[in-house]
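So this block is work.pdb, PDB, C-alpha atoms:
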ATOM      1  CA  MET A1334     -12.851   2.624  20.660
ATOM      2  CA  ALA A1335     -14.383   4.215  17.544
ATOM      3  CA  THR A1336     -15.991   1.805  15.127
ATOM      4  CA  THR A1337     -13.589   0.987  12.286
ATOM      5  CA  TYR A1338     -15.727  -1.252  10.082
ATOM      6  CA  GLU A1339     -19.366  -0.296  10.083
ATOM      7  CA  PRO A1340     -22.499  -0.745   7.989
ATOM      8  CA  ILE A1341     -23.629   2.354   6.145
ATOM      9  CA  ALA A1342     -26.781   1.252   4.319
ATOM     10  CA  THR A1343     -28.619  -1.857   3.156
ATOM     11  CA  TYR A1344     -31.093  -2.282   0.325
ATOM     12  CA  THR A1345     -33.228  -5.394   0.102
ATOM     13  CA  SER A1346     -35.231  -5.629  -3.087
ATOM     14  CA  ALA A1347     -37.523  -8.083  -4.800
ATOM     15  CA  GLY A1348     -37.044  -6.318  -8.130
ATOM     16  CA  THR A1349     -35.584  -2.909  -8.905
ATOM     17  CA  THR A1350     -33.938  -1.410 -11.931
ATOM     18  CA  GLY A1351     -31.255   0.126  -9.751
ATOM     19  CA  ILE A1352     -30.034   1.288  -6.368
ATOM     20  CA  THR A1353     -27.733   4.133  -5.379
ATOM     21  CA  PHE A1354     -25.641   4.577  -2.280
ATOM     22  CA  THR A1355     -24.855   8.105  -1.133
ATOM     23  CA  SER A1356     -23.794   9.840   2.076
ATOM     24  CA  PHE A1357     -20.708   7.816   2.918
ATOM     25  CA  SER A1358     -18.152  10.451   3.835
ATOM     26  CA  GLY A1359     -15.399   9.996   6.404
ATOM     27  CA  TYR A1360     -14.164   6.515   5.531
ATOM     28  CA  THR A1361     -10.968   5.203   3.928
ATOM     29  CA  ASP A1362     -12.357   2.285   1.950
ATOM     30  CA  LEU A1363     -15.858   1.116   1.079
ATOM     31  CA  ILE A1364     -17.041  -2.480   0.730
ATOM     32  CA  LEU A1365     -20.245  -3.278  -1.151
ATOM     33  CA  ILE A1366     -21.596  -6.783  -0.704
ATOM     34  CA  ALA A1367     -24.228  -7.754  -3.249
ATOM     35  CA  ASN A1368     -25.979 -11.090  -2.921
ATOM     36  CA  GLY A1369     -28.712 -11.450  -5.493
ATOM     37  CA  PHE A1370     -29.633 -11.935  -9.099
ATOM     38  CA  GLU A1371     -30.446 -10.073 -12.265
ATOM     39  CA  SER A1372     -33.789 -11.132 -13.686
ATOM     40  CA  ALA A1373     -32.513 -11.625 -17.227
ATOM     41  CA  GLY A1374     -29.583 -13.626 -15.931
ATOM     42  CA  ALA A1375     -27.345 -10.894 -17.281
ATOM     43  CA  TYR A1376     -24.795  -8.588 -15.729
ATOM     44  CA  ALA A1377     -25.484  -5.885 -13.221
ATOM     45  CA  VAL A1378     -23.655  -2.645 -13.981
ATOM     46  CA  CYS A1379     -21.893  -0.377 -11.531
ATOM     47  CA  ARG A1380     -21.210   3.324 -11.904
ATOM     48  CA  VAL A1381     -19.786   5.958  -9.609
ATOM     49  CA  ASN A1382     -20.744   9.626  -9.391
ATOM     50  CA  SER A1383     -23.372   8.996 -12.087
ATOM     51  CA  ASP A1384     -20.579   9.039 -14.666
ATOM     52  CA  THR A1385     -21.815   7.553 -17.944
ATOM     53  CA  GLY A1386     -18.682   8.439 -19.902
ATOM     54  CA  SER A1387     -16.168   5.920 -21.247
ATOM     55  CA  ASN A1388     -14.072   6.242 -18.114
ATOM     56  CA  TYR A1389     -14.201   2.702 -16.756
ATOM     57  CA  SER A1390     -11.967  -0.310 -17.386
ATOM     58  CA  ARG A1391     -11.605  -3.772 -15.915
ATOM     59  CA  LEU A1392      -9.494  -6.910 -15.985
ATOM     60  CA  ALA A1393     -10.702 -10.283 -14.742
ATOM     61  CA  LEU A1394      -9.400 -13.735 -13.828
ATOM     62  CA  ARG A1395     -12.123 -16.374 -13.944
ATOM     63  CA  GLY A1396     -12.412 -20.085 -13.345
ATOM     64  CA  ASN A1397     -15.096 -22.738 -13.706
ATOM     65  CA  SER A1398     -15.234 -26.464 -14.289
ATOM     66  CA  SER A1399     -13.882 -25.954 -17.812
ATOM     67  CA  GLY A1400     -10.747 -24.088 -16.780
ATOM     68  CA  ALA A1401      -9.369 -20.616 -16.137
ATOM     69  CA  THR A1402      -9.543 -17.545 -18.380
ATOM     70  CA  SER A1403      -8.582 -13.892 -18.230
ATOM     71  CA  ALA A1404     -10.140 -10.956 -20.037
ATOM     72  CA  LYS A1405      -9.891  -7.158 -20.090
ATOM     73  CA  VAL A1406     -12.012  -4.304 -21.382
ATOM     74  CA  ALA A1407     -11.024  -0.650 -21.743
ATOM     75  CA  ASN A1408     -13.003   2.549 -22.210
ATOM     76  CA  GLU A1409     -16.304   1.239 -20.930
ATOM     77  CA  THR A1410     -19.264   3.341 -19.845
ATOM     78  CA  SER A1411     -19.630   1.402 -16.590
ATOM     79  CA  TRP A1412     -18.107  -1.388 -14.596
ATOM     80  CA  PHE A1413     -19.520  -4.818 -15.210
ATOM     81  CA  PRO A1414     -18.912  -7.522 -12.655
ATOM     82  CA  ASP A1415     -18.014  -9.738 -15.591
ATOM     83  CA  LEU A1416     -20.300 -12.355 -14.211
ATOM     84  CA  ALA A1417     -23.951 -13.050 -14.735
ATOM     85  CA  MET A1418     -25.919 -12.597 -11.551
ATOM     86  CA  ASN A1419     -27.921 -15.797 -11.704
ATOM     87  CA  PRO A1420     -27.732 -15.500  -8.625
ATOM     88  CA  ALA A1421     -24.323 -14.414  -7.488
ATOM     89  CA  GLY A1422     -22.444 -13.195  -4.458
ATOM     90  CA  THR A1423     -20.130 -10.288  -5.080
ATOM     91  CA  ILE A1424     -17.789  -8.254  -2.884
ATOM     92  CA  LEU A1425     -16.681  -4.908  -4.315
ATOM     93  CA  GLN A1426     -13.885  -3.073  -2.488
ATOM     94  CA  PHE A1427     -13.499   0.625  -3.319
ATOM     95  CA  MET A1428      -9.979   1.500  -2.230
ATOM     96  CA  ASN A1429      -9.111   4.949  -0.920
ATOM     97  CA  TYR A1430     -12.233   6.270  -2.602
ATOM     98  CA  SER A1431     -12.225   9.786  -1.197
ATOM     99  CA  ASN A1432      -8.809  11.088  -2.252
ATOM    100  CA  ALA A1433      -8.642  13.725  -4.955
ATOM    101  CA  THR A1434      -5.289  12.732  -6.495
ATOM    102  CA  THR A1435      -5.531   9.186  -7.862
ATOM    103  CA  TYR A1436      -7.644   7.327 -10.354
ATOM    104  CA  LYS A1437      -9.994   5.133  -8.357
ATOM    105  CA  THR A1438      -9.397   1.406  -8.033
ATOM    106  CA  MET A1439     -11.910  -1.244  -7.086
ATOM    107  CA  LEU A1440     -11.063  -4.876  -6.281
ATOM    108  CA  ALA A1441     -13.832  -7.399  -6.693
ATOM    109  CA  ARG A1442     -14.614 -11.048  -6.074
ATOM    110  CA  PHE A1443     -17.536 -12.908  -7.611
ATOM    111  CA  ASN A1444     -19.095 -16.313  -7.234
ATOM    112  CA  ASP A1445     -22.219 -17.320  -9.140
ATOM    113  CA  ASN A1446     -24.731 -20.119  -8.925
ATOM    114  CA  ALA A1447     -23.527 -21.619 -12.199
ATOM    115  CA  GLY A1448     -20.153 -22.527 -10.719
ATOM    116  CA  THR A1449     -17.908 -19.664 -11.799
ATOM    117  CA  THR A1450     -15.563 -17.799  -9.490
ATOM    118  CA  ALA A1451     -13.670 -14.664 -10.431
ATOM    119  CA  VAL A1452     -11.493 -11.832  -9.196
ATOM    120  CA  GLN A1453     -11.405  -8.505 -10.985
ATOM    121  CA  ILE A1454      -9.514  -5.231 -10.844
ATOM    122  CA  ASN A1455     -11.445  -2.166 -11.956
ATOM    123  CA  MET A1456     -10.432   1.438 -12.551
ATOM    124  CA  TRP A1457     -12.341   4.684 -12.904
ATOM    125  CA  ARG A1458     -10.193   7.238 -14.720
ATOM    126  CA  ASN A1459     -11.101  10.225 -12.610
ATOM    127  CA  THR A1460      -9.286  11.731  -9.654
ATOM    128  CA  ASN A1461     -12.462  13.052  -8.033
ATOM    129  CA  ALA A1462     -13.622  11.511  -4.788
ATOM    130  CA  ILE A1463     -16.355   8.933  -5.210
ATOM    131  CA  THR A1464     -19.580  10.331  -3.789
ATOM    132  CA  THR A1465     -22.200   7.923  -5.139
ATOM    133  CA  ILE A1466     -22.182   4.231  -6.084
ATOM    134  CA  SER A1467     -24.957   2.836  -8.273
ATOM    135  CA  LEU A1468     -25.884  -0.688  -9.245
ATOM    136  CA  ALA A1469     -28.316  -1.196 -12.095
ATOM    137  CA  SER A1470     -29.825  -4.018 -14.092
ATOM    138  CA  SER A1471     -28.663  -4.652 -17.620
ATOM    139  CA  GLY A1472     -31.717  -2.895 -19.027
ATOM    140  CA  GLY A1473     -34.500  -4.004 -21.308
ATOM    141  CA  GLY A1474     -36.938  -4.232 -18.413
ATOM    142  CA  SER A1475     -34.781  -6.522 -16.273
ATOM    143  CA  THR A1476     -34.429  -5.973 -12.532
ATOM    144  CA  LEU A1477     -32.092  -6.623  -9.629
ATOM    145  CA  SER A1478     -33.208  -8.586  -6.587
ATOM    146  CA  GLY A1479     -31.382  -9.422  -3.405
ATOM    147  CA  THR A1480     -29.554  -7.767  -0.549
ATOM    148  CA  PHE A1481     -27.023  -5.006  -1.146
ATOM    149  CA  THR A1482     -25.040  -3.690   1.820
ATOM    150  CA  LEU A1483     -22.421  -0.948   1.924
ATOM    151  CA  TYR A1484     -19.771  -0.885   4.665
ATOM    152  CA  GLY A1485     -17.217   1.782   5.508
ATOM    153  CA  ILE A1486     -13.703   1.129   6.817
ATOM    154  CA  LYS A1487     -11.926   3.932   8.602
ATOM    155  CA  ALA A1488      -8.141   3.932   8.991
ATOM    156  CA  ALA A1489      -6.297   5.519  11.876
TER
ATOM    157  CA  MET B 240     -29.617 -11.655  10.366
ATOM    158  CA  ILE B 241     -27.956  -9.624   7.662
ATOM    159  CA  ALA B 242     -24.603 -10.013   9.416
ATOM    160  CA  ASN B 243     -25.020 -13.771   9.356
ATOM    161  CA  GLN B 244     -25.992 -13.765   5.674
ATOM    162  CA  ILE B 245     -22.983 -11.673   4.829
ATOM    163  CA  ALA B 246     -20.773 -13.731   7.089
ATOM    164  CA  GLY B 247     -21.942 -16.859   5.337
ATOM    165  CA  LEU B 248     -21.106 -15.304   1.991
ATOM    166  CA  MET B 249     -17.638 -14.351   3.185
ATOM    167  CA  GLY B 250     -17.081 -17.701   4.908
ATOM    168  CA  VAL B 251     -16.315 -16.172   8.306
ATOM    169  CA  SER B 252     -18.066 -15.877  11.623
ATOM    170  CA  ALA B 253     -20.213 -12.802  12.105
ATOM    171  CA  LEU B 254     -18.228  -9.898  13.537
ATOM    172  CA  ALA B 255     -19.264  -8.157  16.672
ATOM    173  CA  VAL B 256     -19.001  -4.387  16.699
ATOM    174  CA  GLY B 257     -15.446  -3.546  17.711
ATOM    175  CA  ASP B 258     -13.724  -6.689  16.410
ATOM    176  CA  TYR B 259     -11.979  -4.882  13.522
ATOM    177  CA  HIS B 260      -9.532  -2.236  14.722
ATOM    178  CA  SER B 261      -7.416   0.314  12.900
ATOM    179  CA  ILE B 262      -3.804   0.036  14.124
ATOM    180  CA  ALA B 263      -1.752   2.381  11.920
ATOM    181  CA  THR B 264      -1.432   4.062   8.527
ATOM    182  CA  ALA B 265       1.785   4.519   6.548
ATOM    183  CA  ASN B 266       2.308   6.587   3.419
ATOM    184  CA  GLY B 267       4.796   6.718   0.580
ATOM    185  CA  THR B 268       7.198   9.643   0.641
ATOM    186  CA  GLY B 269       8.787   9.419  -2.784
ATOM    187  CA  SER B 270      12.185   8.757  -1.213
ATOM    188  CA  SER B 271      11.876   5.212   0.121
ATOM    189  CA  GLY B 272      10.960   1.866  -1.299
ATOM    190  CA  THR B 273      10.024   0.372   2.058
ATOM    191  CA  ILE B 274       6.955   0.901   4.168
ATOM    192  CA  THR B 275       7.011  -0.805   7.581
ATOM    193  CA  PHE B 276       4.453  -1.371  10.270
ATOM    194  CA  SER B 277       6.310  -2.141  13.492
ATOM    195  CA  SER B 278       5.587  -2.824  17.155
ATOM    196  CA  ILE B 279       2.448  -4.752  16.218
ATOM    197  CA  PRO B 280       0.760  -5.964  19.421
ATOM    198  CA  ALA B 281      -0.097  -9.626  19.799
ATOM    199  CA  THR B 282      -3.623  -8.874  20.931
ATOM    200  CA  TYR B 283      -5.432  -9.731  17.688
ATOM    201  CA  LYS B 284      -6.170 -12.963  15.869
ATOM    202  CA  HIS B 285      -5.378 -11.823  12.305
ATOM    203  CA  LEU B 286      -3.994  -8.759  10.581
ATOM    204  CA  GLN B 287      -5.184  -7.089   7.393
ATOM    205  CA  ILE B 288      -3.337  -4.481   5.346
ATOM    206  CA  ARG B 289      -5.387  -2.482   2.839
ATOM    207  CA  GLY B 290      -3.968   0.087   0.498
ATOM    208  CA  ILE B 291      -2.970   1.536  -2.836
ATOM    209  CA  GLY B 292       0.590   1.756  -4.120
ATOM    210  CA  ARG B 293       2.550   3.438  -6.869
ATOM    211  CA  SER B 294       6.230   3.135  -7.748
ATOM    212  CA  SER B 295       8.847   5.479  -9.165
ATOM    213  CA  GLN B 296       9.701   2.851 -11.792
ATOM    214  CA  SER B 297       9.278   3.791 -15.445
ATOM    215  CA  ALA B 298       7.018   0.869 -16.224
ATOM    216  CA  ASN B 299       3.370  -0.164 -16.170
ATOM    217  CA  TYR B 300       3.740  -1.639 -12.705
ATOM    218  CA  SER B 301       6.213  -2.605 -10.000
ATOM    219  CA  PHE B 302       5.922  -5.881  -8.177
ATOM    220  CA  THR B 303       5.733  -5.384  -4.422
ATOM    221  CA  TYR B 304       7.281  -7.757  -1.897
ATOM    222  CA  LEU B 305       6.777  -8.248   1.812
ATOM    223  CA  ARG B 306       8.897  -9.219   4.795
ATOM    224  CA  LEU B 307       7.879 -10.176   8.300
ATOM    225  CA  ASN B 308       9.924  -9.117  11.338
ATOM    226  CA  THR B 309      12.530  -7.667   8.894
ATOM    227  CA  ASP B 310      13.621 -11.229   8.140
ATOM    228  CA  SER B 311      15.721 -11.142   4.958
ATOM    229  CA  GLY B 312      16.713 -14.790   5.146
ATOM    230  CA  SER B 313      15.590 -17.435   2.693
ATOM    231  CA  ASN B 314      12.606 -18.308   4.829
ATOM    232  CA  TYR B 315       9.758 -17.485   2.465
ATOM    233  CA  SER B 316       7.891 -19.381  -0.219
ATOM    234  CA  ALA B 317       5.266 -17.901  -2.475
ATOM    235  CA  HIS B 318       2.728 -18.738  -5.158
ATOM    236  CA  GLU B 319       0.399 -16.742  -7.334
ATOM    237  CA  LEU B 320      -2.496 -17.107  -9.755
ATOM    238  CA  VAL B 321      -2.547 -14.169 -12.170
ATOM    239  CA  GLY B 322      -4.677 -12.881 -14.998
ATOM    240  CA  ASN B 323      -3.247 -10.315 -17.403
ATOM    241  CA  GLY B 324      -6.397  -9.788 -19.397
ATOM    242  CA  THR B 325      -5.349 -12.238 -22.087
ATOM    243  CA  SER B 326      -4.523 -15.472 -20.303
ATOM    244  CA  PRO B 327      -4.235 -16.872 -16.786
ATOM    245  CA  SER B 328      -0.919 -18.033 -15.388
ATOM    246  CA  SER B 329       0.556 -19.272 -12.163
ATOM    247  CA  ALA B 330       3.968 -19.207 -10.545
ATOM    248  CA  GLY B 331       5.658 -20.368  -7.402
ATOM    249  CA  ALA B 332       9.020 -20.144  -5.705
ATOM    250  CA  ALA B 333      10.587 -21.703  -2.653
ATOM    251  CA  THR B 334      13.401 -20.500  -0.426
ATOM    252  CA  GLN B 335      12.876 -16.836  -1.161
ATOM    253  CA  VAL B 336      14.176 -13.798   0.737
ATOM    254  CA  TRP B 337      10.745 -12.176   0.686
ATOM    255  CA  GLY B 338       7.085 -12.936   0.141
ATOM    256  CA  TRP B 339       4.827 -11.685  -2.627
ATOM    257  CA  ALA B 340       2.394  -8.858  -1.893
ATOM    258  CA  GLY B 341       1.302  -7.863  -5.386
ATOM    259  CA  TYR B 342       1.117  -5.057  -7.915
ATOM    260  CA  SER B 343       1.835  -1.354  -7.457
ATOM    261  CA  GLY B 344       1.113   1.031 -10.286
ATOM    262  CA  ALA B 345       4.059   2.875 -11.844
ATOM    263  CA  GLN B 346       5.062   5.914 -13.879
ATOM    264  CA  THR B 347       3.984   4.862 -17.369
ATOM    265  CA  ASN B 348       0.336   5.432 -16.487
ATOM    266  CA  ALA B 349      -0.633   8.743 -14.895
ATOM    267  CA  ASN B 350      -2.529   8.681 -11.600
ATOM    268  CA  ASN B 351      -2.506   4.882 -11.646
ATOM    269  CA  PHE B 352      -2.176   2.953  -8.379
ATOM    270  CA  GLY B 353      -2.291  -0.749  -7.664
ATOM    271  CA  ALA B 354      -4.590  -2.086  -4.956
ATOM    272  CA  PHE B 355      -3.897  -4.529  -2.129
ATOM    273  CA  VAL B 356      -5.922  -6.435   0.444
ATOM    274  CA  ILE B 357      -3.385  -8.494   2.428
ATOM    275  CA  ASP B 358      -4.338 -10.924   5.177
ATOM    276  CA  ILE B 359      -1.849 -12.311   7.693
ATOM    277  CA  LEU B 360      -3.538 -15.200   9.398
ATOM    278  CA  ASP B 361      -2.897 -16.240  13.023
ATOM    279  CA  TYR B 362       0.040 -13.826  13.065
ATOM    280  CA  ALA B 363       0.676 -14.118  16.803
ATOM    281  CA  ASP B 364       0.347 -17.894  17.079
ATOM    282  CA  THR B 365       3.744 -19.313  18.099
ATOM    283  CA  ASN B 366       2.760 -22.871  17.191
ATOM    284  CA  LYS B 367       2.676 -22.473  13.431
ATOM    285  CA  TYR B 368       4.458 -21.049  10.424
ATOM    286  CA  LYS B 369       2.792 -17.888   9.134
ATOM    287  CA  THR B 370       0.551 -17.617   6.075
ATOM    288  CA  VAL B 371      -0.072 -14.436   4.119
ATOM    289  CA  ARG B 372      -2.566 -14.047   1.288
ATOM    290  CA  SER B 373      -3.145 -11.074  -0.946
ATOM    291  CA  LEU B 374      -5.805  -9.971  -3.409
ATOM    292  CA  THR B 375      -4.133  -7.417  -5.643
ATOM    293  CA  GLY B 376      -4.072  -5.833  -9.039
ATOM    294  CA  TYR B 377      -3.690  -2.792 -11.207
ATOM    295  CA  ASP B 378      -5.662  -1.687 -14.243
ATOM    296  CA  ALA B 379      -4.431   0.946 -16.662
ATOM    297  CA  ASN B 380      -7.232   0.920 -19.216
ATOM    298  CA  GLY B 381      -6.162  -1.930 -21.441
ATOM    299  CA  VAL B 382      -3.141  -3.186 -19.547
ATOM    300  CA  GLY B 383      -2.952  -4.641 -16.090
ATOM    301  CA  ALA B 384      -3.010  -7.680 -13.868
ATOM    302  CA  VAL B 385      -5.178  -9.148 -11.136
ATOM    303  CA  ALA B 386      -3.791 -11.792  -8.834
ATOM    304  CA  MET B 387      -4.151 -13.901  -5.758
ATOM    305  CA  GLU B 388      -0.819 -14.163  -3.958
ATOM    306  CA  SER B 389       0.109 -16.553  -1.183
ATOM    307  CA  THR B 390       3.206 -16.480   1.021
ATOM    308  CA  GLY B 391       4.482 -18.883   3.636
ATOM    309  CA  TRP B 392       7.017 -17.704   6.242
ATOM    310  CA  ARG B 393       8.852 -20.568   7.893
ATOM    311  CA  ASN B 394       9.044 -19.139  11.373
ATOM    312  CA  THR B 395       6.830 -19.766  14.368
ATOM    313  CA  VAL B 396       7.536 -16.513  16.199
ATOM    314  CA  ALA B 397       4.798 -13.925  16.425
ATOM    315  CA  VAL B 398       4.786 -11.316  13.703
ATOM    316  CA  THR B 399       5.714  -7.936  15.169
ATOM    317  CA  SER B 400       6.470  -6.021  11.980
ATOM    318  CA  VAL B 401       5.385  -6.125   8.345
ATOM    319  CA  SER B 402       7.318  -4.414   5.553
ATOM    320  CA  LEU B 403       6.128  -3.747   2.017
ATOM    321  CA  ILE B 404       9.083  -3.395  -0.332
ATOM    322  CA  LEU B 405       9.843  -2.244  -3.862
ATOM    323  CA  ASP B 406      13.066  -3.649  -5.265
ATOM    324  CA  THR B 407      15.314  -0.607  -6.088
ATOM    325  CA  PHE B 408      12.428   1.828  -6.574
ATOM    326  CA  ASN B 409      10.541   4.209  -4.288
ATOM    327  CA  PHE B 410       6.912   4.368  -3.261
ATOM    328  CA  SER B 411       5.388   7.501  -4.753
ATOM    329  CA  THR B 412       3.479  10.033  -2.714
ATOM    330  CA  GLY B 413      -0.150   9.067  -2.685
ATOM    331  CA  THR B 414       0.803   5.527  -1.742
ATOM    332  CA  THR B 415      -0.989   4.645   1.460
ATOM    333  CA  PHE B 416      -1.368   1.439   3.431
ATOM    334  CA  ALA B 417      -3.470   0.889   6.534
ATOM    335  CA  LEU B 418      -2.979  -1.910   9.060
ATOM    336  CA  TYR B 419      -5.974  -3.409  10.845
ATOM    337  CA  GLY B 420      -6.257  -5.985  13.613
ATOM    338  CA  ILE B 421      -9.076  -8.513  13.706
ATOM    339  CA  LYS B 422     -10.112 -10.141  16.961
TER
END
structure tokens encoding of this file:
Amino acid sequence: MATTYEPIATYTSAGTTGITFTSFSGYTDLILIANGFESAGAYAVCRVNSDTGSNYSRLALRGNSSGATSAKVANETSWFPDLAMNPAGTILQFMNYSNATTYKTMLARFNDNAGTTAVQINMWRNTNAITTISLASSGGGSTLSGTFTLYGIKAA
Amino acid sequence: MIANQIAGLMGVSALAVGDYHSIATANGTGSSGTITFSSIPATYKHLQIRGIGRSSQSANYSFTYLRLNTDSGSNYSAHELVGNGTSPSSAGAATQVWGWAGYSGAQTNANNFGAFVIDILDYADTNKYKTVRSLTGYDANGVGAVAMESTGWRNTVAVTSVSLILDTFNFSTGTTFALYGIK
């Protein structure tokens, strides 16, 4: 039987300003698992297709020992995981990423070392297929460290 | 080693190659508010449905329901934890005629689809009631919702069909759901 859920690429880094995944054609969904930290304790940023325009938005539900909150941001220039990577485990699910008719939706889950857990819905307002996925540090000389693995899921 | 690290992160045992199988794909036609996966074999441990949905409703979103084995009796209970971008909320209901799958996009926002990752745990086990959980949401650039849904189906029979349902509206073309079996 053909492999349905398979690893595409893995980056392991002890300090990089960013990584980019390419060459992932032929799948239905993509799952990016990032387990690491951002050296400034800040957010990592995620972009697709190198788009730096204000075409991203997100909405989060978070909880920690103080309670639950929800927040949203529109017209951003990237996706933020809405959680400081200090360190953190994140699972980003890019749904139906290769169609050319819908805005692209990404579901995410986050858990960080400081005791916060979150789920987040993200949208890229572009109907183009996603062809690259980039993670980057927050800037100012900070870096990302950890293991970043991209998986592809192929529907019948 | 990486598989074990990732498995530890996800809280599951490491998968062997070939443990996650694609069973079927179903698409919205614009003329029906029900999408059904039927004749599901009992050869897996769990099921997962992944997809994006959009409704014909003139609204920001349409809530999407689910039924197992076409059971329309009052045999479901459901709960949710939701964030709308302003505040969190929760809800629950017993003795329902369907379970809660989550959020489809709708006509107010162009090209906007809701996303679903739905897990049906131990679906073929005839010794327990069935549990369904869903991670779902839609985002329309300033309006939206993200939620964790949970459904209990008070029936011990094996699940052989799963239906995703819009109440009085139709799934738009572009809607697509894929069913996977996990061994």
Practice item. Define the interface residues of chain A facing chain B as those within 6 Å, counting only C-alpha atoms, and report them as JSON, numbers by chain. Key: {"A": [1336, 1337, 1390, 1392, 1394, 1402, 1403, 1404, 1405, 1407, 1435, 1436, 1454, 1456, 1488, 1489]}
Point to revise | Shortest interatomic distance to Thr1476 of chain A - which of A:Phe1443, A:Trp1412, A:Tyr1376, A:Tyr1430, counting all atoms listed in the file | key: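 Ranked by minimum distance to Thr1476 of chain A, first place goes to A:Tyr1376.
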Review point. What does the distance between atom CA of Gly269 of chain B and atom CA of Ser294 of chain B come to in Å, to one decimal place?
Key: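 Separating atom CA of Gly269 of chain B from atom CA of Ser294 of chain B is a distance of 8.4 Å.
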Check your understanding: In Å, with one decimal, what is the gap from atom CA of Thr1345 of chain A to atom CA of Cys1379 of chain A?
Key ->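 Between atom CA of Thr1345 of chain A and atom CA of Cys1379 of chain A the gap works out to 17.0 Å.
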Practice item. Please tell me which residues are no farther than 8 Å from (4.3, -10.6, 1.4) in the file, counting all atoms listed in the file, and write them as a ChimeraX atom specification. Key: /B:303-307,337-341,371-373,389-390,403
Revision key, fill the gap. Expressed in Å, the length from atom CA of Leu1477 of chain A to atom CA of Ala1441 of chain A is 18.5 Å
Point to revise | Explicit residue set for the PyMOL selection byres ((chain B and resi 276-284) around 9), as number ranges by chain | key: B: 258, 262-265, 274-275, 285-286, 308, 360-364, 397-403, 418, 420-422
**Study point:** Explicit residues for the PyMOL selection byres ((chain A and resi 1473) around 12) (as a list in words)
**Key:**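 Checked against the file, the PyMOL selection byres ((chain A and resi 1473) around 12) matches Thr1350, Glu1371, Ser1372, Ala1373, Ala1375, Ala1469, Ser1470, Ser1471, Gly1472, Gly1474, Ser1475 and Thr1476 of chain A.
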Practice item. Compute the distance from (-30.2, 0.5, 3.3) to each atom, counting all atoms listed in the file, keep the residues with any atom at most 10 Å away, and return them as a list in words; use the coordinates of the file. Key: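 Result, sorted by chain then residue number: Pro1340, Ile1341, Ala1342, Thr1343, Tyr1344, Thr1345, Ile1352, Thr1353, Phe1354, Thr1480, Phe1481, Thr1482 and Leu1483 of chain A.
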**Study point:** Expansion of the PyMOL selection byres ((chain A and resi 1356) around 9) into residues, as an NGL selection string
**Key:** :A and (1341 or 1354-1355 or 1357-1358 or 1464-1465)
Residues as selected, C-alpha atoms, written as a short mmCIF file (atom, residue, chain, number, x, y, z; two decimals), keeping the file's coordinate frame, can you do that?
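Output file part25.cif is given in full below:
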data_model
loop_
_atom_site.label_atom_id
_atom_site.label_comp_id
_atom_site.auth_asym_id
_atom_site.auth_seq_id
_atom_site.Cartn_x
_atom_site.Cartn_y
_atom_site.Cartn_z
CA ILE A 1341 -23.63 2.35 6.14
CA PHE A 1354 -25.64 4.58 -2.28
CA THR A 1355 -24.86 8.10 -1.13
CA PHE A 1357 -20.71 7.82 2.92
CA SER A 1358 -18.15 10.45 3.84
CA THR A 1464 -19.58 10.33 -3.79
CA THR A 1465 -22.20 7.92 -5.14
#
Review point. So which one's closest to Thr370 of chain B, B:Ser316, B:Gly272, B:Asn348, B:Val336? Using all atoms listed in the file, please.
Key: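 Smallest separation from Thr370 of chain B among the options: B:Ser316.
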Review point. Which residue out of A:Ile1424, A:Ala1401, A:Ile1486, A:Ala1433 has the minimum interatomic distance to Glu1339 of chain A when all atoms listed in the file are used?
Key: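 The shortest atom-to-atom distance to Glu1339 of chain A comes from A:Ile1486.
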**Study point:** Nearest candidate to Ala1393 of chain A (options A:Asn1408, A:Arg1458, A:Phe1413, A:Asn1368; using all atoms listed in the file)
**Key:**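 Using all atoms listed in the file, the shortest distance to Ala1393 of chain A belongs to A:Phe1413.
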Practice item. Tell me, as an NGL selection string, which residues lie within 6 Å of Ser1346 of chain A, counting all atoms listed in the file; anything in the same chain fewer than 2 positions away does not count. Key: :A and (1348 or 1478-1479)
